[in-house]
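Only one structure is covered here, and it is reproduced in the block below.
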Amino acid sequence: MVKPKIAPSMLSSDFANLASEAERMIRCGADWLHMDIMVSHFVPNLTIGAPVIESLRKHTQAYLDCHLMVTNPIDYVEPFAKAGASGFTFHVEVSKDNWQELVQKIKSKGMKPGVSLKPGTPVEEVYPLLDGDNPVEMVLIMTVEPGFGGQKFMPEMMEKVRVLRKKYPSLDIEVDGGLGPSTIDLAASAGANCIVAGSSVFGAPDPAHVISLLYKSVENAQKSS
C-alpha cells in the first residue's frame with residue numbers, strides 16, 4: 001500500500017523567510033515540501049527557479065517535491081538536480097514527444113520523475129508514461145487550473161484519481177489545488193495518497209493539526225478501501 005504523504009505548498013509560505021517556513025512545516029509533521037516552479041510561458045505567473053531551491057537545500061534535508069510548470073522541462077533537469085531537488089514533476093501537455101528521454105534523464109540525476117495533468121487534459125494521456133519500460137513514479141492531478149494558490153477545489157477531477165488508483169494500485173497519486181479539511185475526504189476516498197495543501201495549512205492557526213487531519217484522512221480511506 002502506498003504511504004500517505006502531506007506536502008505543504010511553499011507557494012503559500014512567507015518567501016522572505018523560506019528556510020524557517022520549511023523548518024516549521026517539517027516540525028508540524030509535513031512529509032514533503034511542495035515547490036511550484038512556474039514560468040509565464042506555461043501559466044500566468046512567475047515564481048521561483050533553481051537558485052531558490054539551491055538556497056533552501058542548504059537549510060533542510062526535506063524531500064523537495066518540485067512541480068515544473070514550464071514548456072521545456074528537459075532544459076531544467078540538470079539545474080534542478082544540481083540545486084538539490086528530490087522530485088521532478090513535469091506536465092504531460094508539453095512532453096508528448098520526448099517523455100522517454102526526459103524520464104531517463106530525471107532518473108539518471110537521482111530524482112523521482114512525476115507527470116502532471118491540467119484539469120482539461122484526459123487522464124488517458126498519462127497511460128503511456130506509466131505502461132512503458134521506464135515509467136514515471138508519480139502522477140499529479142491538478143484540482144485547480146495551475147498558476148495561482150488559493151483557488152477552489154474541482155471535485156470533478158476525482159474521477160481521474162479513481163481511474164488511476166484502480167489501474168495502478170501501487171502508484172503515488174498526488175492532488176494539488178484547494179485541498180484542506182473540507183475537501184480532503186473526497187480526495188482520499190478517491191485514492192489520492194500525496195496531498196499538496198497551501199493556504200489551508202499556512203493560513204491555519206494550528207498548521208500541525210491540519211497536516212495531521214490530512215494524513216489521517218488518507219490513512220482512514222486506505223484502511224476502508
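Just remember, in the C-alpha cells the first chain shown is A, the second B, etc., residues are 1-based per chain, and ligands are 1-based in the order shown.
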
DSSP-assigned strand (DSSP E or B) among stretch 12-209 of chain A, expressed as an MDAnalysis selection string: chainID A and resid 32:38 63:69 87:91 112:117 138:142 172:176 194:197

Need to verify the contact set: A:Arg24, 12 Å, only C-alpha atoms, exclusion of same-chain residues closer than 6 positions in sequence. Can you return it as an mmCIF file with N, CA, C and O atoms, in the first residue's frame?
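See out00.cif below for the written result:
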```
data_model
loop_
_atom_site.group_PDB
_atom_site.id
_atom_site.type_symbol
_atom_site.label_atom_id
_atom_site.label_comp_id
_atom_site.auth_asym_id
_atom_site.auth_seq_id
_atom_site.Cartn_x
_atom_site.Cartn_y
_atom_site.Cartn_z
ATOM 1 N N PRO A 8 3.014 20.436 2.227
ATOM 2 C CA PRO A 8 2.612 21.843 2.222
ATOM 3 C C PRO A 8 3.206 22.574 1.011
ATOM 4 O O PRO A 8 4.381 22.384 0.676
ATOM 5 N N MET A 10 4.814 25.466 -0.628
ATOM 6 C CA MET A 10 5.610 26.603 -0.173
ATOM 7 C C MET A 10 5.248 27.892 -0.913
ATOM 8 O O MET A 10 5.671 28.970 -0.523
ATOM 9 N N SER A 13 3.814 30.088 1.533
ATOM 10 C CA SER A 13 4.656 30.466 2.677
ATOM 11 C C SER A 13 5.116 31.915 2.546
ATOM 12 O O SER A 13 4.878 32.576 1.527
ATOM 13 N N ASP A 14 5.808 32.381 3.568
ATOM 14 C CA ASP A 14 6.430 33.701 3.540
ATOM 15 C C ASP A 14 7.782 33.549 2.847
ATOM 16 O O ASP A 14 8.738 33.055 3.437
ATOM 17 N N ASN A 17 11.095 34.377 4.371
ATOM 18 C CA ASN A 17 11.611 33.508 5.436
ATOM 19 C C ASN A 17 11.460 32.044 5.050
ATOM 20 O O ASN A 17 11.018 31.219 5.838
ATOM 21 N N LEU A 18 11.879 31.722 3.821
ATOM 22 C CA LEU A 18 11.618 30.395 3.265
ATOM 23 C C LEU A 18 12.254 29.273 4.089
ATOM 24 O O LEU A 18 11.625 28.237 4.324
ATOM 25 N N ALA A 30 5.004 17.677 8.237
ATOM 26 C CA ALA A 30 4.990 17.524 6.779
ATOM 27 C C ALA A 30 5.945 16.413 6.352
ATOM 28 O O ALA A 30 7.032 16.250 6.923
ATOM 29 N N LEU A 33 7.982 18.860 1.021
ATOM 30 C CA LEU A 33 7.732 20.285 0.778
ATOM 31 C C LEU A 33 7.484 20.443 -0.717
ATOM 32 O O LEU A 33 8.325 20.048 -1.530
ATOM 33 N N HIS A 59 19.480 24.574 3.924
ATOM 34 C CA HIS A 59 18.854 24.719 5.244
ATOM 35 C C HIS A 59 17.929 23.566 5.614
ATOM 36 O O HIS A 59 17.364 23.571 6.705
ATOM 37 N N THR A 60 17.744 22.597 4.703
ATOM 38 C CA THR A 60 16.832 21.499 5.012
ATOM 39 C C THR A 60 17.250 20.218 4.300
ATOM 40 O O THR A 60 17.797 20.266 3.196
ATOM 41 N N ALA A 62 14.808 18.038 3.869
ATOM 42 C CA ALA A 62 13.470 17.573 3.485
ATOM 43 C C ALA A 62 13.398 17.191 2.011
ATOM 44 O O ALA A 62 14.192 17.661 1.182
ATOM 45 N N VAL A 201 -3.057 25.086 5.065
ATOM 46 C CA VAL A 201 -2.041 24.803 6.087
ATOM 47 C C VAL A 201 -1.423 26.104 6.600
ATOM 48 O O VAL A 201 -1.417 26.376 7.800
ATOM 49 N N PHE A 202 -0.915 26.921 5.678
ATOM 50 C CA PHE A 202 -0.205 28.128 6.101
ATOM 51 C C PHE A 202 -1.136 29.171 6.714
ATOM 52 O O PHE A 202 -0.702 29.996 7.518
ATOM 53 N N ASP A 206 -3.298 26.525 13.571
ATOM 54 C CA ASP A 206 -2.517 25.367 14.019
ATOM 55 C C ASP A 206 -2.212 24.466 12.812
ATOM 56 O O ASP A 206 -2.929 23.499 12.545
ATOM 57 N N PRO A 207 -1.151 24.784 12.062
ATOM 58 C CA PRO A 207 -0.819 24.002 10.868
ATOM 59 C C PRO A 207 -0.596 22.518 11.155
ATOM 60 O O PRO A 207 -0.961 21.664 10.343
ATOM 61 N N ALA A 208 -0.029 22.205 12.319
ATOM 62 C CA ALA A 208 0.237 20.804 12.671
ATOM 63 C C ALA A 208 -1.068 20.012 12.747
ATOM 64 O O ALA A 208 -1.131 18.847 12.335
ATOM 65 N N ILE A 211 -2.237 19.345 9.116
ATOM 66 C CA ILE A 211 -1.400 18.312 8.483
ATOM 67 C C ILE A 211 -1.784 16.937 9.022
ATOM 68 O O ILE A 211 -1.935 15.974 8.264
#
```

Which residues come within 8 Å of A:Pro113, counting only C-alpha atoms, excluding same-chain residues fewer than 4 positions away, as a ChimeraX atom specification?
/A:87-90,103,106-107,136-138

Written selection (C-alpha atoms) as a PDB file, in the first residue's frame:
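Below is the file that was written, out-v8.pdb:
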```pdb
ATOM      1  CA  GLY A  87      11.247  15.027  -7.149  1.00  0.00           C
ATOM      2  CA  PHE A  88      10.835  16.443 -10.656  1.00  0.00           C
ATOM      3  CA  THR A  89       7.256  16.561 -11.945  1.00  0.00           C
ATOM      4  CA  PHE A  90       6.665  17.824 -15.483  1.00  0.00           C
ATOM      5  CA  VAL A 103      12.182  10.425 -17.587  1.00  0.00           C
ATOM      6  CA  ILE A 106      15.435  12.707 -14.387  1.00  0.00           C
ATOM      7  CA  LYS A 107      16.167   9.218 -13.013  1.00  0.00           C
ATOM      8  CA  VAL A 136       7.169   7.829 -14.152  1.00  0.00           C
ATOM      9  CA  GLU A 137       6.747   7.131 -10.429  1.00  0.00           C
ATOM     10  CA  MET A 138       4.018   9.635  -9.601  1.00  0.00           C
TER      11      MET A 138
END
```

Of A:Lys82, A:Arg162, A:Lys167, A:Lys105, the one nearest to A:Ala190 when counting only C-alpha atoms is A:Arg162

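Within 9 Å of A:Leu129, once only C-alpha atoms are used and residues closer than 4 positions along the same chain are dropped, the contacting residues are Val92, Trp99, Gln100, Val103, Val115, Glu125, Asp133, Asn134, Pro135 and Val136 of chain A.
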
Can I get the selection written as a CSV table (one decimal), in the first residue's frame, with all heavy atoms?
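Just written: again_19.csv:
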```
chain,number,residue,atom,x,y,z
A,92,VAL,N,2.4,16.7,-18.8
A,92,VAL,CA,2.3,15.8,-20.0
A,92,VAL,C,1.9,16.6,-21.2
A,92,VAL,O,2.3,16.2,-22.3
A,92,VAL,CB,1.1,14.7,-19.7
A,92,VAL,CG1,-0.2,15.4,-19.7
A,92,VAL,CG2,1.2,13.6,-20.8
A,99,TRP,N,9.1,12.4,-23.7
A,99,TRP,CA,8.9,12.0,-22.3
A,99,TRP,C,9.9,10.9,-21.9
A,99,TRP,O,10.4,10.8,-20.8
A,99,TRP,CB,7.5,11.6,-22.0
A,99,TRP,CG,6.9,10.4,-22.6
A,99,TRP,CD1,6.2,10.3,-23.8
A,99,TRP,CD2,7.1,9.1,-22.1
A,99,TRP,NE1,5.9,9.0,-24.0
A,99,TRP,CE2,6.4,8.2,-23.1
A,99,TRP,CE3,7.7,8.5,-21.1
A,99,TRP,CZ2,6.3,6.8,-22.9
A,99,TRP,CZ3,7.6,7.1,-20.9
A,99,TRP,CH2,7.0,6.3,-21.8
A,100,GLN,N,10.2,9.9,-22.9
A,100,GLN,CA,11.1,8.8,-22.5
A,100,GLN,C,12.5,9.3,-22.2
A,100,GLN,O,13.1,8.9,-21.2
A,100,GLN,CB,11.1,7.8,-23.6
A,100,GLN,CG,9.8,7.0,-23.7
A,100,GLN,CD,9.7,6.3,-25.1
A,100,GLN,OE1,9.8,6.8,-26.1
A,100,GLN,NE2,9.4,5.0,-25.0
A,103,VAL,N,12.2,11.3,-18.8
A,103,VAL,CA,12.2,10.4,-17.6
A,103,VAL,C,13.5,9.8,-17.3
A,103,VAL,O,14.0,9.7,-16.2
A,103,VAL,CB,11.1,9.3,-17.8
A,103,VAL,CG1,11.2,8.3,-16.6
A,103,VAL,CG2,9.7,10.0,-17.8
A,115,VAL,N,4.6,13.0,-13.4
A,115,VAL,CA,3.9,13.7,-14.5
A,115,VAL,C,2.6,14.3,-14.0
A,115,VAL,O,2.0,13.8,-13.2
A,115,VAL,CB,3.7,12.8,-15.7
A,115,VAL,CG1,2.7,11.7,-15.4
A,115,VAL,CG2,3.2,13.6,-17.0
A,125,GLU,N,-4.0,10.3,-21.2
A,125,GLU,CA,-2.8,10.8,-21.8
A,125,GLU,C,-1.5,10.4,-21.0
A,125,GLU,O,-0.4,10.5,-21.5
A,125,GLU,CB,-2.8,12.3,-22.0
A,125,GLU,CG,-3.9,12.7,-23.0
A,125,GLU,CD,-3.6,14.1,-23.7
A,125,GLU,OE1,-2.5,14.6,-23.5
A,125,GLU,OE2,-4.5,14.5,-24.4
A,133,ASP,N,8.5,1.0,-20.6
A,133,ASP,CA,9.7,0.3,-19.9
A,133,ASP,C,10.3,1.2,-18.8
A,133,ASP,O,10.9,0.6,-17.9
A,133,ASP,CB,10.7,0.0,-21.0
A,133,ASP,CG,10.3,-1.1,-21.9
A,133,ASP,OD1,9.3,-1.8,-21.6
A,133,ASP,OD2,10.8,-1.1,-23.1
A,134,ASN,N,10.2,2.5,-18.9
A,134,ASN,CA,10.8,3.4,-18.0
A,134,ASN,C,9.8,4.4,-17.4
A,134,ASN,O,9.8,5.5,-17.8
A,134,ASN,CB,12.0,4.1,-18.7
A,134,ASN,CG,13.0,4.6,-17.7
A,134,ASN,OD1,13.1,4.2,-16.6
A,134,ASN,ND2,13.8,5.6,-18.1
A,135,PRO,N,8.9,3.9,-16.6
A,135,PRO,CA,7.7,4.7,-16.2
A,135,PRO,C,8.0,5.8,-15.2
A,135,PRO,O,9.0,5.8,-14.5
A,135,PRO,CB,6.8,3.7,-15.6
A,135,PRO,CG,7.7,2.7,-15.0
A,135,PRO,CD,8.9,2.6,-15.9
A,136,VAL,N,7.1,6.8,-15.2
A,136,VAL,CA,7.2,7.8,-14.2
A,136,VAL,C,6.7,7.1,-12.9
A,136,VAL,O,6.2,6.0,-12.9
A,136,VAL,CB,6.2,9.0,-14.5
A,136,VAL,CG1,6.7,9.8,-15.7
A,136,VAL,CG2,4.8,8.6,-14.7
```

Practice prompt. Could you tell me which of A:Ser20, A:Pro51, A:Val139, A:Met25 comes closest to A:Val210 if we count only C-alpha atoms?
Written response: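 Closest residue, counting only C-alpha atoms: A:Met25.
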
Using backbone DSSP assignments, extract all alpha helix (DSSP H) residues from stretch 7-159 of chain A; output them as number ranges by chain.
A: 18-27, 50-57, 77-83, 99-108, 127-131, 158-159

Q: Give me the residues within 6 Å of A:Met38 as a PyMOL selection string, counting only C-alpha atoms and dropping any in the same chain fewer than 4 places off.
A: chain A and resi 46-47+69

ask   = Which neighbours of A:Ala85 fall inside 12 Å, counting only C-alpha atoms, when residues of the same chain fewer than 5 positions from it are skipped, and could you give them as a ChimeraX atom specification?
value = /A:32-37,49-58,60-68,76-80,106-107,109-113

May I have the selected residues written with C-alpha atoms, as an mmCIF file, in the first residue's frame?
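Resulting contents of part-v8.cif:
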```cif
data_model
loop_
_atom_site.group_PDB
_atom_site.id
_atom_site.type_symbol
_atom_site.label_atom_id
_atom_site.label_comp_id
_atom_site.auth_asym_id
_atom_site.auth_seq_id
_atom_site.Cartn_x
_atom_site.Cartn_y
_atom_site.Cartn_z
ATOM 1 C CA TRP A 32 7.407 16.618 1.711
ATOM 2 C CA LEU A 33 7.732 20.285 0.778
ATOM 3 C CA HIS A 34 5.961 21.128 -2.486
ATOM 4 C CA MET A 35 7.776 23.669 -4.662
ATOM 5 C CA ASP A 36 5.851 25.329 -7.511
ATOM 6 C CA ILE A 37 8.141 26.274 -10.382
ATOM 7 C CA GLY A 49 13.735 28.735 -10.015
ATOM 8 C CA ALA A 50 16.730 26.519 -9.328
ATOM 9 C CA PRO A 51 18.704 29.193 -7.376
ATOM 10 C CA VAL A 52 15.957 29.313 -4.720
ATOM 11 C CA ILE A 53 15.883 25.504 -4.486
ATOM 12 C CA GLU A 54 19.672 25.528 -4.089
ATOM 13 C CA SER A 55 19.475 28.129 -1.311
ATOM 14 C CA LEU A 56 16.722 26.248 0.508
ATOM 15 C CA ARG A 57 18.579 22.925 0.232
ATOM 16 C CA LYS A 58 21.371 24.381 2.392
ATOM 17 C CA THR A 60 16.832 21.499 5.012
ATOM 18 C CA GLN A 61 17.185 17.787 4.362
ATOM 19 C CA ALA A 62 13.470 17.573 3.485
ATOM 20 C CA TYR A 63 12.123 15.978 0.312
ATOM 21 C CA LEU A 64 11.692 18.863 -2.150
ATOM 22 C CA ASP A 65 8.772 17.932 -4.392
ATOM 23 C CA CYS A 66 9.281 20.182 -7.432
ATOM 24 C CA HIS A 67 6.374 20.730 -9.832
ATOM 25 C CA LEU A 68 7.620 22.370 -13.019
ATOM 26 C CA TYR A 76 15.563 22.203 -16.265
ATOM 27 C CA VAL A 77 16.609 18.679 -15.253
ATOM 28 C CA GLU A 78 20.323 19.407 -14.847
ATOM 29 C CA PRO A 79 19.962 22.696 -12.935
ATOM 30 C CA PHE A 80 17.333 21.314 -10.579
ATOM 31 C CA ILE A 106 15.435 12.707 -14.387
ATOM 32 C CA LYS A 107 16.167 9.218 -13.013
ATOM 33 C CA LYS A 109 20.178 12.509 -11.877
ATOM 34 C CA GLY A 110 18.722 10.724 -8.839
ATOM 35 C CA MET A 111 15.350 12.461 -8.820
ATOM 36 C CA LYS A 112 11.866 10.893 -8.695
ATOM 37 C CA PRO A 113 10.033 11.503 -12.003
#
```

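The interatomic distance for the pair atom CA of A:Ser9 and atom CA of A:Gly180 works out to 11.8 Å.
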
query: What separation in Å, quoted to one decimal, exists between atom CA of A:Glu21 and atom CA of A:Pro205?
result: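 Distance reported for this atom pair: 14.4 Å.
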
**Study point:** Atom pair atom CA of A:Ile6 / atom CA of A:Gly203: separation (Å)
**Key:**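 Between these atoms lies a distance of 15.8 Å.
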
If you count only C-alpha atoms, the residue of A:Lys96, A:Gly191, A:Pro122, A:Phe15 closest to A:Ser170 turns out to be A:Gly191
